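So this one's final_16.cif, mmCIF, C-alpha atoms:
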data_entry
loop_
_atom_site.group_PDB
_atom_site.id
_atom_site.type_symbol
_atom_site.label_atom_id
_atom_site.label_comp_id
_atom_site.auth_asym_id
_atom_site.auth_seq_id
_atom_site.Cartn_x
_atom_site.Cartn_y
_atom_site.Cartn_z
ATOM 1 C CA MET A 1 -33.386 41.863 37.788
ATOM 2 C CA THR A 2 -29.631 41.609 38.319
ATOM 3 C CA ASP A 3 -28.073 44.554 40.129
ATOM 4 C CA LYS A 4 -25.548 45.936 37.626
ATOM 5 C CA SER A 5 -23.700 47.690 40.413
ATOM 6 C CA ALA A 6 -22.933 44.269 41.931
ATOM 7 C CA ARG A 7 -21.006 43.170 38.838
ATOM 8 C CA PRO A 8 -17.209 43.302 39.137
ATOM 9 C CA GLU A 9 -15.245 45.441 36.734
ATOM 10 C CA VAL A 10 -13.970 43.027 34.059
ATOM 11 C CA PRO A 11 -10.971 44.008 31.939
ATOM 12 C CA THR A 12 -11.048 43.820 28.156
ATOM 13 C CA PRO A 13 -9.978 40.314 27.047
ATOM 14 C CA ALA A 14 -6.371 40.059 25.933
ATOM 15 C CA SER A 15 -5.637 39.789 22.227
ATOM 16 C CA PRO A 16 -4.885 36.167 21.283
ATOM 17 C CA ASP A 17 -1.852 37.137 19.178
ATOM 18 C CA ARG A 18 -0.672 40.623 20.117
ATOM 19 C CA ARG A 19 0.796 42.351 23.166
ATOM 20 C CA LYS A 20 0.962 46.043 23.975
ATOM 21 C CA ARG A 21 4.525 45.591 25.203
ATOM 22 C CA PRO A 22 6.856 42.831 23.989
ATOM 23 C CA LEU A 23 8.107 40.253 26.460
ATOM 24 C CA PRO A 24 11.819 40.324 27.389
ATOM 25 C CA TRP A 25 12.688 37.206 25.409
ATOM 26 C CA GLN A 26 11.224 38.520 22.155
ATOM 27 C CA SER A 27 14.449 40.358 21.328
ATOM 28 C CA PRO A 28 17.950 38.836 21.336
ATOM 29 C CA LYS A 29 20.735 40.265 23.461
ATOM 30 C CA SER A 30 22.114 43.281 21.635
ATOM 31 C CA SER A 31 25.687 43.814 20.556
ATOM 32 C CA GLY A 32 25.655 46.966 22.667
ATOM 33 C CA GLU A 33 25.301 44.841 25.778
ATOM 34 C CA ASP A 34 27.675 42.110 24.570
ATOM 35 C CA PRO A 35 29.620 42.503 21.288
ATOM 36 C CA GLN A 36 29.714 38.712 20.890
ATOM 37 C CA GLY A 37 26.054 38.252 21.833
ATOM 38 C CA PRO A 38 24.525 38.085 18.301
ATOM 39 C CA ALA A 39 27.117 35.527 17.120
ATOM 40 C CA LYS A 40 26.514 33.374 20.174
ATOM 41 C CA ILE A 41 22.745 33.513 19.609
ATOM 42 C CA GLU A 42 23.243 32.523 15.971
ATOM 43 C CA ALA A 43 25.348 29.538 17.026
ATOM 44 C CA ILE A 44 22.554 28.377 19.308
ATOM 45 C CA LEU A 45 19.787 28.876 16.719
ATOM 46 C CA THR A 46 21.662 26.902 14.063
ATOM 47 C CA SER A 47 22.663 24.032 16.370
ATOM 48 C CA PRO A 48 20.895 20.702 15.626
ATOM 49 C CA SER A 49 20.016 20.465 19.317
ATOM 50 C CA TYR A 50 17.795 23.552 19.006
ATOM 51 C CA ARG A 51 15.894 22.162 16.021
ATOM 52 C CA PRO A 52 12.412 20.872 17.010
ATOM 53 C CA ALA A 53 12.417 17.087 17.054
ATOM 54 C CA ILE A 54 9.642 16.833 14.443
ATOM 55 C CA GLU A 55 11.768 18.930 12.038
ATOM 56 C CA ASP A 56 15.073 17.206 12.772
ATOM 57 C CA VAL A 57 15.425 14.700 9.928
ATOM 58 C CA ALA A 58 18.770 13.410 11.184
ATOM 59 C CA PHE A 59 17.243 12.644 14.580
ATOM 60 C CA LEU A 60 14.146 11.042 13.068
ATOM 61 C CA ASP A 61 16.404 8.830 10.937
ATOM 62 C CA SER A 62 18.434 7.701 13.952
ATOM 63 C CA ASP A 63 18.191 4.305 15.650
ATOM 64 C CA ASP A 64 16.856 5.971 18.801
ATOM 65 C CA ALA A 65 13.785 7.279 16.922
ATOM 66 C CA ARG A 66 12.867 3.939 15.335
ATOM 67 C CA GLY A 67 9.855 3.553 17.635
ATOM 68 C CA VAL A 68 8.548 6.961 16.596
ATOM 69 C CA ARG A 69 9.042 6.128 12.904
ATOM 70 C CA LEU A 70 7.096 2.898 13.351
ATOM 71 C CA GLN A 71 4.220 4.837 14.894
ATOM 72 C CA LEU A 72 4.234 7.410 12.095
ATOM 73 C CA ASP A 73 4.360 4.677 9.433
ATOM 74 C CA TYR A 74 1.179 3.291 10.960
ATOM 75 C CA LEU A 75 -0.662 6.500 11.860
ATOM 76 C CA LYS A 76 -0.518 8.520 8.653
ATOM 77 C CA PRO A 77 -2.171 5.927 6.348
ATOM 78 C CA GLU A 78 -4.608 4.947 9.099
ATOM 79 C CA ARG A 79 -5.822 8.512 9.482
ATOM 80 C CA LEU A 80 -6.210 9.146 5.752
ATOM 81 C CA LEU A 81 -7.959 5.836 5.072
ATOM 82 C CA ARG A 82 -10.464 6.671 7.803
ATOM 83 C CA GLU A 83 -10.972 10.179 6.427
ATOM 84 C CA HIS A 84 -11.816 8.721 3.015
ATOM 85 C CA GLY A 85 -14.364 6.357 4.528
ATOM 86 C CA ILE A 86 -12.499 3.191 3.555
ATOM 87 C CA LYS A 87 -13.633 0.371 5.830
ATOM 88 C CA HIS A 88 -12.643 -2.741 3.879
ATOM 89 C CA THR A 89 -10.253 -3.665 1.089
ATOM 90 C CA ILE A 90 -9.652 -6.437 -1.392
ATOM 91 C CA VAL A 91 -5.900 -6.878 -1.668
ATOM 92 C CA VAL A 92 -4.624 -7.690 -5.161
ATOM 93 C CA PHE A 93 -1.092 -8.940 -5.664
ATOM 94 C CA GLY A 94 0.890 -10.297 -8.589
ATOM 95 C CA SER A 95 4.041 -9.872 -10.629
ATOM 96 C CA THR A 96 5.285 -6.399 -11.498
ATOM 97 C CA ARG A 97 6.606 -7.948 -14.729
ATOM 98 C CA ILE A 98 3.234 -9.047 -16.154
ATOM 99 C CA VAL A 99 2.345 -6.086 -18.346
ATOM 100 C CA GLU A 100 -0.582 -5.410 -20.658
ATOM 101 C CA ARG A 101 -0.676 -7.333 -23.936
ATOM 102 C CA SER A 102 0.373 -4.430 -26.185
ATOM 103 C CA ALA A 103 3.546 -3.805 -24.165
ATOM 104 C CA ALA A 104 4.337 -7.537 -23.921
ATOM 105 C CA THR A 105 3.838 -7.968 -27.675
ATOM 106 C CA LYS A 106 6.120 -5.044 -28.449
ATOM 107 C CA ASN A 107 8.877 -6.561 -26.286
ATOM 108 C CA VAL A 108 8.589 -9.929 -28.038
ATOM 109 C CA GLU A 109 8.759 -8.295 -31.466
ATOM 110 C CA HIS A 110 11.792 -6.240 -30.429
ATOM 111 C CA LEU A 111 13.656 -9.362 -29.286
ATOM 112 C CA ARG A 112 12.737 -11.293 -32.424
ATOM 113 C CA ASP A 113 14.137 -8.488 -34.561
ATOM 114 C CA ALA A 114 17.305 -8.438 -32.464
ATOM 115 C CA LEU A 115 17.723 -12.189 -32.943
ATOM 116 C CA LEU A 116 17.539 -11.813 -36.702
ATOM 117 C CA ASN A 117 20.799 -9.866 -36.478
ATOM 118 C CA GLU A 118 22.358 -12.149 -33.830
ATOM 119 C CA PRO A 119 20.755 -15.607 -34.258
ATOM 120 C CA GLU A 120 23.422 -17.325 -32.124
ATOM 121 C CA ASN A 121 23.130 -14.949 -29.189
ATOM 122 C CA ARG A 122 22.205 -17.224 -26.250
ATOM 123 C CA ASP A 123 21.241 -14.350 -23.980
ATOM 124 C CA LEU A 124 18.795 -12.949 -26.538
ATOM 125 C CA GLN A 125 17.352 -16.436 -27.044
ATOM 126 C CA ARG A 126 16.720 -16.763 -23.325
ATOM 127 C CA GLN A 127 15.214 -13.265 -23.126
ATOM 128 C CA LEU A 128 12.839 -14.095 -25.980
ATOM 129 C CA ILE A 129 11.627 -17.267 -24.265
ATOM 130 C CA VAL A 130 10.913 -15.323 -21.085
ATOM 131 C CA ALA A 131 9.228 -12.495 -23.028
ATOM 132 C CA GLU A 132 6.956 -14.987 -24.794
ATOM 133 C CA ARG A 133 5.953 -16.456 -21.452
ATOM 134 C CA ILE A 134 5.180 -12.988 -20.116
ATOM 135 C CA LEU A 135 3.080 -12.362 -23.225
ATOM 136 C CA ALA A 136 1.157 -15.575 -22.539
ATOM 137 C CA LYS A 137 0.495 -14.388 -18.971
ATOM 138 C CA SER A 138 -0.591 -10.888 -20.075
ATOM 139 C CA GLN A 139 -4.159 -12.241 -19.986
ATOM 140 C CA TYR A 140 -3.936 -11.884 -16.205
ATOM 141 C CA TYR A 141 -3.414 -8.133 -16.568
ATOM 142 C CA ASP A 142 -6.832 -8.039 -18.243
ATOM 143 C CA VAL A 143 -8.382 -10.275 -15.569
ATOM 144 C CA ALA A 144 -7.052 -8.074 -12.728
ATOM 145 C CA ARG A 145 -8.275 -4.959 -14.483
ATOM 146 C CA GLU A 146 -11.734 -6.427 -15.039
ATOM 147 C CA PHE A 147 -11.958 -7.764 -11.492
ATOM 148 C CA ALA A 148 -11.235 -4.295 -10.071
ATOM 149 C CA ARG A 149 -14.079 -2.910 -12.182
ATOM 150 C CA VAL A 150 -16.408 -5.520 -10.682
ATOM 151 C CA VAL A 151 -15.346 -4.527 -7.155
ATOM 152 C CA ALA A 152 -15.803 -0.837 -7.995
ATOM 153 C CA ASP A 153 -19.346 -1.419 -9.239
ATOM 154 C CA ALA A 154 -20.356 -3.506 -6.206
ATOM 155 C CA GLY A 155 -22.267 -2.181 -3.207
ATOM 156 C CA GLY A 156 -23.334 1.395 -3.787
ATOM 157 C CA GLY A 157 -21.226 1.732 -6.935
ATOM 158 C CA PRO A 158 -17.936 3.611 -7.556
ATOM 159 C CA GLY A 159 -18.824 6.344 -5.080
ATOM 160 C CA ASP A 160 -19.164 3.831 -2.253
ATOM 161 C CA SER A 161 -15.756 3.626 -0.552
ATOM 162 C CA ARG A 162 -16.650 0.984 2.015
ATOM 163 C CA LEU A 163 -14.884 -1.667 -0.090
ATOM 164 C CA VAL A 164 -11.989 -0.714 -2.376
ATOM 165 C CA VAL A 165 -9.156 -2.392 -4.250
ATOM 166 C CA LEU A 166 -5.773 -2.113 -2.525
ATOM 167 C CA THR A 167 -2.425 -3.066 -4.090
ATOM 168 C CA GLY A 168 1.287 -2.621 -3.502
ATOM 169 C CA GLY A 169 1.109 0.406 -5.791
ATOM 170 C CA GLY A 170 3.633 -0.867 -8.314
ATOM 171 C CA PRO A 171 3.468 -1.813 -12.001
ATOM 172 C CA GLY A 172 2.221 -5.029 -13.624
ATOM 173 C CA ILE A 173 -0.718 -6.784 -12.002
ATOM 174 C CA MET A 174 -1.001 -4.136 -9.292
ATOM 175 C CA GLU A 175 -1.208 -1.429 -11.948
ATOM 176 C CA ALA A 176 -3.958 -3.388 -13.708
ATOM 177 C CA ALA A 177 -6.059 -3.609 -10.541
ATOM 178 C CA ASN A 178 -5.666 0.069 -9.654
ATOM 179 C CA ARG A 179 -6.356 0.948 -13.286
ATOM 180 C CA GLY A 180 -9.614 -0.983 -13.457
ATOM 181 C CA ALA A 181 -10.861 0.684 -10.284
ATOM 182 C CA GLN A 182 -9.887 4.152 -11.492
ATOM 183 C CA GLU A 183 -11.545 3.588 -14.863
ATOM 184 C CA SER A 184 -14.781 2.874 -13.019
ATOM 185 C CA GLY A 185 -14.479 6.107 -11.064
ATOM 186 C CA ALA A 186 -13.741 4.413 -7.733
ATOM 187 C CA LYS A 187 -11.128 5.233 -5.138
ATOM 188 C CA THR A 188 -8.219 2.802 -5.057
ATOM 189 C CA VAL A 189 -5.253 2.449 -2.699
ATOM 190 C CA GLY A 190 -1.542 1.798 -3.288
ATOM 191 C CA LEU A 191 0.987 0.996 -0.558
ATOM 192 C CA ASN A 192 4.467 1.723 -1.878
ATOM 193 C CA ILE A 193 7.725 1.105 -0.027
ATOM 194 C CA THR A 194 10.998 3.024 0.030
ATOM 195 C CA LEU A 195 13.713 0.955 -1.634
ATOM 196 C CA PRO A 196 17.394 1.484 -2.474
ATOM 197 C CA HIS A 197 16.334 1.839 -6.110
ATOM 198 C CA GLU A 198 13.467 4.315 -6.360
ATOM 199 C CA GLN A 199 10.052 2.745 -6.913
ATOM 200 C CA TYR A 200 7.554 4.840 -8.804
ATOM 201 C CA PRO A 201 3.871 4.270 -8.072
ATOM 202 C CA ASN A 202 1.664 3.314 -10.973
ATOM 203 C CA PRO A 203 -0.381 6.289 -12.242
ATOM 204 C CA TYR A 204 -3.777 4.766 -11.460
ATOM 205 C CA VAL A 205 -3.696 4.932 -7.651
ATOM 206 C CA THR A 206 -5.915 7.641 -6.171
ATOM 207 C CA PRO A 207 -3.331 10.391 -5.381
ATOM 208 C CA GLU A 208 -4.693 10.992 -1.876
ATOM 209 C CA LEU A 209 -4.487 7.246 -1.173
ATOM 210 C CA CYS A 210 -0.983 6.425 -2.373
ATOM 211 C CA PHE A 211 1.308 5.872 0.605
ATOM 212 C CA GLN A 212 5.054 5.363 0.883
ATOM 213 C CA PHE A 213 6.162 3.195 3.795
ATOM 214 C CA HIS A 214 9.578 2.955 5.387
ATOM 215 C CA TYR A 215 8.972 -0.388 7.072
ATOM 216 C CA PHE A 216 7.797 -3.542 5.334
ATOM 217 C CA ALA A 217 6.229 -4.675 8.620
ATOM 218 C CA LEU A 218 3.882 -1.684 8.851
ATOM 219 C CA ARG A 219 3.045 -1.941 5.167
ATOM 220 C CA LYS A 220 2.118 -5.590 5.690
ATOM 221 C CA MET A 221 -0.032 -4.629 8.653
ATOM 222 C CA HIS A 222 -2.020 -2.217 6.501
ATOM 223 C CA PHE A 223 -2.429 -4.887 3.821
ATOM 224 C CA VAL A 224 -4.172 -7.137 6.328
ATOM 225 C CA MET A 225 -5.988 -4.742 8.680
ATOM 226 C CA ARG A 226 -8.968 -4.014 6.418
ATOM 227 C CA ALA A 227 -8.658 -6.985 4.067
ATOM 228 C CA LYS A 228 -11.797 -8.881 3.137
ATOM 229 C CA ALA A 229 -9.863 -11.046 0.666
ATOM 230 C CA LEU A 230 -6.440 -11.638 -0.864
ATOM 231 C CA VAL A 231 -6.454 -12.194 -4.623
ATOM 232 C CA ALA A 232 -3.034 -13.363 -5.822
ATOM 233 C CA PHE A 233 -2.121 -13.497 -9.498
ATOM 234 C CA PRO A 234 1.028 -15.198 -10.833
ATOM 235 C CA GLY A 235 4.025 -13.549 -9.232
ATOM 236 C CA GLY A 236 7.409 -13.970 -7.604
ATOM 237 C CA PHE A 237 8.985 -13.453 -4.190
ATOM 238 C CA GLY A 238 6.816 -10.497 -3.153
ATOM 239 C CA THR A 239 3.609 -12.289 -4.100
ATOM 240 C CA PHE A 240 4.742 -15.490 -2.348
ATOM 241 C CA ASP A 241 5.547 -13.429 0.727
ATOM 242 C CA GLU A 242 2.029 -12.009 0.949
ATOM 243 C CA ILE A 243 0.371 -15.358 0.259
ATOM 244 C CA PHE A 244 2.300 -17.333 2.858
ATOM 245 C CA GLU A 245 2.161 -14.629 5.497
ATOM 246 C CA THR A 246 -1.615 -14.341 5.101
ATOM 247 C CA LEU A 247 -2.090 -18.130 5.075
ATOM 248 C CA THR A 248 0.045 -18.437 8.212
ATOM 249 C CA LEU A 249 -2.002 -15.791 10.014
ATOM 250 C CA ILE A 250 -5.217 -17.597 9.059
ATOM 251 C CA GLN A 251 -3.832 -21.066 9.832
ATOM 252 C CA SER A 252 -2.794 -19.959 13.315
ATOM 253 C CA ARG A 253 -6.039 -17.951 13.742
ATOM 254 C CA LYS A 254 -3.985 -14.901 14.506
ATOM 255 C CA ILE A 255 -6.472 -13.136 12.254
ATOM 256 C CA ARG A 256 -10.061 -13.964 11.422
ATOM 257 C CA PRO A 257 -10.166 -16.268 8.352
ATOM 258 C CA LEU A 258 -10.568 -14.480 5.034
ATOM 259 C CA PRO A 259 -10.716 -15.875 1.486
ATOM 260 C CA VAL A 260 -7.465 -16.355 -0.418
ATOM 261 C CA ILE A 261 -7.822 -16.830 -4.179
ATOM 262 C CA LEU A 262 -4.927 -17.928 -6.397
ATOM 263 C CA VAL A 263 -5.604 -16.820 -9.964
ATOM 264 C CA GLY A 264 -4.116 -19.104 -12.619
ATOM 265 C CA GLU A 265 -4.308 -22.687 -11.369
ATOM 266 C CA GLU A 266 -1.781 -24.078 -13.856
ATOM 267 C CA TYR A 267 0.853 -21.578 -12.734
ATOM 268 C CA TRP A 268 0.264 -22.008 -9.005
ATOM 269 C CA ARG A 269 0.198 -25.817 -9.114
ATOM 270 C CA LYS A 270 3.605 -25.757 -10.798
ATOM 271 C CA VAL A 271 5.287 -23.345 -8.411
ATOM 272 C CA ILE A 272 3.750 -24.605 -5.134
ATOM 273 C CA ASP A 273 2.742 -28.230 -4.589
ATOM 274 C CA PHE A 274 0.331 -27.852 -1.690
ATOM 275 C CA ASP A 275 -0.855 -31.457 -2.014
ATOM 276 C CA PHE A 276 2.741 -32.581 -1.513
ATOM 277 C CA LEU A 277 2.917 -30.531 1.693
ATOM 278 C CA VAL A 278 -0.247 -32.261 2.935
ATOM 279 C CA ASP A 279 1.108 -35.720 2.001
ATOM 280 C CA GLU A 280 4.378 -34.953 3.767
ATOM 281 C CA GLY A 281 2.492 -34.025 6.925
ATOM 282 C CA VAL A 282 3.952 -30.516 7.199
ATOM 283 C CA ILE A 283 0.507 -28.925 6.811
ATOM 284 C CA ASP A 284 -2.910 -30.395 7.585
ATOM 285 C CA PHE A 285 -5.548 -31.247 5.013
ATOM 286 C CA GLU A 286 -7.743 -28.457 6.377
ATOM 287 C CA ASP A 287 -4.945 -25.992 5.628
ATOM 288 C CA ARG A 288 -5.254 -26.951 1.972
ATOM 289 C CA GLU A 289 -8.804 -25.615 2.165
ATOM 290 C CA LEU A 290 -7.735 -22.111 3.184
ATOM 291 C CA PHE A 291 -7.583 -21.067 -0.493
ATOM 292 C CA TRP A 292 -8.891 -21.969 -3.922
ATOM 293 C CA TYR A 293 -8.105 -21.331 -7.586
ATOM 294 C CA ALA A 294 -9.897 -19.119 -10.123
ATOM 295 C CA GLU A 295 -9.322 -18.009 -13.704
ATOM 296 C CA THR A 296 -11.670 -15.130 -14.512
ATOM 297 C CA ALA A 297 -12.868 -11.921 -12.883
ATOM 298 C CA GLU A 298 -16.392 -13.323 -12.676
ATOM 299 C CA ALA A 299 -15.178 -16.538 -11.025
ATOM 300 C CA ILE A 300 -13.134 -14.585 -8.470
ATOM 301 C CA TRP A 301 -16.089 -12.375 -7.524
ATOM 302 C CA ASN A 302 -18.635 -15.179 -7.416
ATOM 303 C CA GLY A 303 -16.235 -17.228 -5.288
ATOM 304 C CA LEU A 304 -15.946 -14.379 -2.801
ATOM 305 C CA LEU A 305 -19.715 -13.980 -2.604
ATOM 306 C CA SER A 306 -20.098 -17.731 -2.032
ATOM 307 C CA TRP A 307 -17.400 -17.800 0.672
ATOM 308 C CA TYR A 308 -19.045 -14.956 2.590
ATOM 309 C CA GLU A 309 -22.488 -16.496 2.208
ATOM 310 C CA LYS A 310 -21.170 -19.741 3.718
ATOM 311 C CA SER A 311 -19.459 -17.856 6.532
ATOM 312 C CA GLY A 312 -22.661 -16.027 7.447
ATOM 313 C CA ASP A 313 -20.897 -12.717 6.994
ATOM 314 C CA ALA A 314 -21.212 -9.968 4.378
ATOM 315 C CA LEU A 315 -18.561 -9.020 1.834
ATOM 316 C CA ILE A 316 -19.785 -5.434 1.752
#

Have the structure of the file written as structure tokens, please.
Amino acid sequence: MTDKSARPEVPTPASPDRRKRPLPWQSPKSSGEDPQGPAKIEAILTSPSYRPAIEDVAFLDSDDARGVRLQLDYLKPERLLREHGIKHTIVVFGSTRIVERSAATKNVEHLRDALLNEPENRDLQRQLIVAERILAKSQYYDVAREFARVVADAGGGPGDSRLVVLTGGGPGIMEAANRGAQESGAKTVGLNITLPHEQYPNPYVTPELCFQFHYFALRKMHFVMRAKALVAFPGGFGTFDEIFETLTLIQSRKIRPLPVILVGEEYWRKVIDFDFLVDEGVIDFEDRELFWYAETAEAIWNGLLSWYEKSGDALI
């Protein structure tokens, strides 16, 4: 047995948050000691220099803190995506202007009524032509919505977050994709960006997985990091940007090849003549094979399954 008398006398452990006597710096210098003391202390406490760096918005917005902002833009989404168990994503892009059929129809009808009152109005005529074209493309809203449902039901079903739909978080095609996933009960991600004119996220992104980036570069990084595919619907500059950046990364093997699907062959062949680029020698024939066209949700999904089967890898 241990000799208790050999044990040293051990004091009672200190309280983790209280002291019996306050430390000298816990009270400011009194006015009795220096009449100007309290005012001087107040001047120090309210000075921006005394503000902790992580609470100093002006400092964090400065050029000197750009490196820190870049790190934060990366770290916050990365941490939350990991916490939600999201390993892979299917990135869906397309025009913010392609809305669901009911909204597109209402816009066309509104413009037709307006033209009845001003039949010679050239601007209204042009707006109606554009609105009718958007109405014709509203089918893609339905395709994106249906495709997201297919993704949500894959693997272990909606509760399986290993593979989720990820979009830019905006309206139009991105809304449709987030909406389809949400309707199936699956988690879905939106990566918004701060812009001079405020951008509202669409209401179908999972609230805990809707992020607002300061830097386009970090947003782009998160688009690609977990991507198992890029599905691009008819769109404009933003959609082109994602397509060409992804194709360039694959072409140069900066990233591991992943499938790129352009939905709406008629549209894409009109806006980008890839065969012309091959004929002109500015891209190789094999670069033309880095993507393919599809029209329906089923065709997109089956194409992805086929691509991964040929690659010897698994989609999920």

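All residues of protein, DNA or RNA that reach within 9 Å of Gly159 in chain A, judged by all atoms listed in the file and not counting those fewer than 5 positions away in the chain, are A:Ala152, A:Asp153, A:Gly185, A:Ala186, A:Lys187.
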
Using the selection just defined, write its residues with C-alpha atoms as an mmCIF file, keeping the file's coordinate frame.
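Dumped to part-v3.cif:
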data_model
loop_
_atom_site.group_PDB
_atom_site.id
_atom_site.type_symbol
_atom_site.label_atom_id
_atom_site.label_comp_id
_atom_site.auth_asym_id
_atom_site.auth_seq_id
_atom_site.Cartn_x
_atom_site.Cartn_y
_atom_site.Cartn_z
ATOM 1 C CA ALA A 152 -15.803 -0.837 -7.995
ATOM 2 C CA ASP A 153 -19.346 -1.419 -9.239
ATOM 3 C CA GLY A 185 -14.479 6.107 -11.064
ATOM 4 C CA ALA A 186 -13.741 4.413 -7.733
ATOM 5 C CA LYS A 187 -11.128 5.233 -5.138
#

At a cut-off of 10 Å, using all atoms listed in the file, what residues contact Gly85 in chain A? Leave out same-chain residues fewer than 6 positions from it and give the result as an MDAnalysis selection string. chainID A and resid 160:163

Expected selection from the PyMOL selection byres ((chain A and resi 95) around 7), given as a PyMOL selection string: chain A and resi 94+96-98+172-173+234-236+239

Have a look at A:Asn178, A:Asn192, A:Gln125, A:Asn107 and name the one nearest to Ala144 in chain A; count all atoms listed in the file. A:Asn178

Need the shell around Arg82 in chain A: protein/DNA/RNA residues with any atom at most 12 Å away, counting only C-alpha atoms. Skip same-chain ones fewer than 6 positions apart. Format as JSON, numbers by chain? {"A": [75, 76, 88, 161, 162, 209, 226]}

Please write as an NGL selection string the full residue list that the PyMOL selection byres ((chain A and resi 244) around 12) yields on this file. :A and (230 or 232 or 237-243 or 245-252 or 260 or 262 or 272 or 274 or 287 or 290-291)

Restricted to N, CA and C atoms, what does range 264-278 of chain A look like when written out as a tab-separated table (two decimals), in the first residue's frame?
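What follows is the written file decode_24.tsv:
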chain	number	residue	atom	x	y	z
A	264	GLY	N	-28.65	20.78	-75.06
A	264	GLY	CA	-29.26	21.61	-76.10
A	264	GLY	C	-28.32	21.76	-77.28
A	265	GLU	N	-28.16	20.70	-78.06
A	265	GLU	CA	-27.17	20.69	-79.14
A	265	GLU	C	-27.38	21.81	-80.14
A	266	GLU	N	-28.63	22.07	-80.52
A	266	GLU	CA	-28.89	23.11	-81.52
A	266	GLU	C	-28.37	24.46	-81.06
A	267	TYR	N	-28.60	24.78	-79.80
A	267	TYR	CA	-28.13	26.05	-79.24
A	267	TYR	C	-26.61	26.10	-79.25
A	268	TRP	N	-25.97	25.07	-78.71
A	268	TRP	CA	-24.52	25.11	-78.55
A	268	TRP	C	-23.78	25.09	-79.88
A	269	ARG	N	-24.32	24.38	-80.88
A	269	ARG	CA	-23.66	24.37	-82.19
A	269	ARG	C	-23.74	25.73	-82.87
A	270	LYS	N	-24.76	26.51	-82.53
A	270	LYS	CA	-24.88	27.85	-83.11
A	270	LYS	C	-23.91	28.83	-82.45
A	271	VAL	N	-23.78	28.74	-81.13
A	271	VAL	CA	-22.99	29.75	-80.42
A	271	VAL	C	-21.50	29.43	-80.40
A	272	ILE	N	-21.14	28.14	-80.50
A	272	ILE	CA	-19.72	27.77	-80.50
A	272	ILE	C	-19.50	26.71	-81.58
A	273	ASP	N	-18.70	27.03	-82.56
A	273	ASP	CA	-18.39	26.08	-83.64
A	273	ASP	C	-17.08	25.37	-83.31
A	274	PHE	N	-17.19	24.31	-82.53
A	274	PHE	CA	-16.00	23.57	-82.12
A	274	PHE	C	-15.32	22.90	-83.32
A	275	ASP	N	-16.12	22.43	-84.28
A	275	ASP	CA	-15.54	21.78	-85.45
A	275	ASP	C	-14.68	22.77	-86.24
A	276	PHE	N	-15.12	24.02	-86.27
A	276	PHE	CA	-14.33	25.07	-86.94
A	276	PHE	C	-12.99	25.26	-86.24
A	277	LEU	N	-13.01	25.22	-84.90
A	277	LEU	CA	-11.76	25.36	-84.14
A	277	LEU	C	-10.79	24.22	-84.45
A	278	VAL	N	-11.35	23.00	-84.60
A	278	VAL	CA	-10.51	21.85	-84.97
A	278	VAL	C	-9.94	22.05	-86.36
